[in-house]
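So the structure is just underneath, and the comments pick up after that.
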Amino acid sequence: CGSHLDAPSVVVSSTNRWDARRRCDNRAMPRDILDEFAAEQRRKPSYPNVTVEIGMVVEDRASHYCGDVVRWNGSLYSVELDGSDHGIPAGAQIDAIGVVAGDLLLSLDVTATLGNVTASDEDLVRLESTQPDVWSLYFDGSAQGVPAGADLDGADVLDQSGNLALSFDISGSVGGVTFDDEDILEYAAAGGTWSKRYDGSAVHGALAAADVDAV
């Protein structure tokens with residue numbers, strides 16, 4: 001259920017930064033980290049193995065559900081989104097996270113219906129409200145030329161204009177721009193144009209064998 005680092009890590013670049021890396025591995029974590037996490041979470045599923053990052057997605061080991069988002073604010077851990085409480089179906093995995101105006105943006109690894117919105121794995125949905133849940137389609141990947149079979153697995157909102165940094169799990173071409181899974185593309189919302197923001201293998205040759213799944 002997702003990728004992992006070679007060793008547990010703590011990322012504290014900003015208390016408002018969200019990291020879409022998924023942490024669904026089988027590593028044992030230090031007892032003090034787990035105790036603090038357990039004390040701060042708002043519900044009590046089974047999270048025996050946690051790598052602490054900002055806005056990470058973790059797995060409930062009891063059910064193998066990988067649809068919750070955990071927030072690290074610099075000192076405390078909390079469950080920012082309990083996916084099962086907000087309509088994310090069992091079997092769906094969150095594999096990209098962003099934030100816009102304080103709202104969560106999510107991409108799932110399968111097609112799913114959230115509220116009145118049906119989103120595919122190349123899309124981003126926005127959770128505009130939780131009382132009650134209001135979901136909207138924030139980025140329609142297929143409408144913007146994302147090739148069939150590409151799963152959006154990394155996302156970030158770059159500015160107030162809504163420009164996006166996006167990464168996909170396969171190689172392909174969109175808007176005349178070729179990309180690999182180690183690259184990050186920029187989508188300009190105003191004109192619907194694409195450019196390559198980060199060429200992973202050109203910057204670090206070893207990334208040619210990797211998949212960038214966090215932006």
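Residues are named by chain letter and number: chains run A, B, ... in the order of the structure tokens, numbers start at 1 in each chain, and ligands are numbered from 1 in the order shown.
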
| task | Identify, on the basis of only C-alpha atoms, every residue whose closest approach to segment 149-158 of chain A does not exceed 10 Å; exclude the query and any residue fewer than 2 positions from it along the same chain; express the result as a VMD selection string. | result | chain A and resid 2 17 to 22 94 to 101 105 to 110 120 to 124 141 to 142 146 to 147 160 to 172 181 184 to 188 211 to 215

Those in segment 69-206 of chain A with strand (DSSP E) from DSSP, as a tab-separated table (two decimals) with C-alpha atoms, in the first residue's frame:
chain	number	residue	atom	x	y	z
A	69	VAL	CA	-4.70	11.58	6.54
A	70	VAL	CA	-2.51	12.32	9.54
A	71	ARG	CA	-1.33	15.83	10.40
A	72	TRP	CA	1.90	16.74	12.19
A	77	TYR	CA	-0.02	14.23	15.68
A	78	SER	CA	-3.70	14.02	14.83
A	79	VAL	CA	-5.97	12.35	12.31
A	80	GLU	CA	-6.85	15.22	9.97
A	81	LEU	CA	-9.21	13.13	7.88
A	94	ILE	CA	-5.37	8.21	-1.09
A	95	ASP	CA	-2.22	8.68	-3.15
A	96	ALA	CA	-1.98	12.47	-3.53
A	97	ILE	CA	-2.75	15.30	-1.12
A	98	GLY	CA	-2.90	19.06	-1.53
A	99	VAL	CA	-4.43	22.01	0.27
A	100	VAL	CA	-6.30	24.98	-1.17
A	103	ASP	CA	-9.50	22.60	2.21
A	104	LEU	CA	-8.04	19.18	1.51
A	105	LEU	CA	-7.43	18.11	-2.09
A	106	LEU	CA	-7.22	14.37	-2.59
A	107	SER	CA	-6.60	11.93	-5.39
A	108	LEU	CA	-7.51	8.27	-5.08
A	112	ALA	CA	-14.82	6.45	-6.64
A	113	THR	CA	-17.96	8.42	-5.94
A	114	LEU	CA	-17.75	10.96	-3.12
A	117	VAL	CA	-18.83	13.64	-7.48
A	118	THR	CA	-17.36	10.68	-9.34
A	119	ALA	CA	-13.59	11.01	-9.65
A	124	LEU	CA	-8.25	15.84	-7.67
A	125	VAL	CA	-11.31	16.25	-5.48
A	126	ARG	CA	-11.83	19.00	-2.91
A	127	LEU	CA	-13.46	18.51	0.47
A	128	GLU	CA	-15.10	21.92	0.83
A	129	SER	CA	-17.05	21.21	4.00
A	130	THR	CA	-17.49	18.44	6.53
A	133	ASP	CA	-19.62	16.71	3.55
A	134	VAL	CA	-19.39	18.73	0.34
A	135	TRP	CA	-17.09	17.29	-2.35
A	136	SER	CA	-16.27	18.94	-5.67
A	137	LEU	CA	-14.10	18.05	-8.64
A	138	TYR	CA	-11.10	20.40	-8.44
A	139	PHE	CA	-9.00	19.03	-11.29
A	152	LEU	CA	-2.03	11.07	-10.22
A	153	ASP	CA	0.20	10.24	-7.25
A	154	GLY	CA	1.65	13.62	-6.26
A	155	ALA	CA	0.05	17.08	-6.13
A	156	ASP	CA	0.58	20.57	-4.76
A	157	VAL	CA	-1.16	23.91	-5.28
A	164	LEU	CA	-0.65	22.86	-9.87
A	165	ALA	CA	2.47	20.74	-9.52
A	166	LEU	CA	1.55	17.17	-10.45
A	167	SER	CA	3.28	13.83	-10.79
A	168	PHE	CA	1.98	10.59	-12.29
A	172	GLY	CA	3.40	9.61	-21.02
A	173	SER	CA	2.66	12.88	-22.73
A	174	VAL	CA	0.21	15.66	-21.94
A	177	VAL	CA	5.03	17.65	-22.79
A	178	THR	CA	6.53	14.20	-22.32
A	179	PHE	CA	7.08	12.98	-18.79
A	184	ILE	CA	6.89	16.83	-11.81
A	185	LEU	CA	4.70	18.75	-14.24
A	186	GLU	CA	3.18	22.18	-13.85
A	187	TYR	CA	-0.40	22.77	-14.93
A	188	ALA	CA	-1.32	26.42	-15.55
A	193	THR	CA	-1.18	24.55	-20.46
A	194	TRP	CA	1.47	22.13	-19.29
A	195	SER	CA	5.21	22.40	-18.68
A	196	LYS	CA	7.86	20.30	-16.99
A	197	ARG	CA	8.71	21.77	-13.60
A	198	TYR	CA	11.18	19.10	-12.48

| task | Between atom CA of Gln144 of chain A and atom CA of Gly67 of chain A, measure the distance and give it in Å to one decimal. | result |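 Distance reported for this atom pair: 25.7 Å.
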
| field | Point-to-point distance from atom CA of Asp68 of chain A to atom CA of Thr111 of chain A, Å rounded to tenths | value |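 Spanning atom CA of Asp68 of chain A to atom CA of Thr111 of chain A is a straight-line distance of 17.2 Å.
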
| query | Distance atom CA of Gly145 of chain A-atom CA of Gly200 of chain A, one decimal place? | reply |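 So the two atoms, atom CA of Gly145 of chain A and atom CA of Gly200 of chain A, lie 21.6 Å apart.
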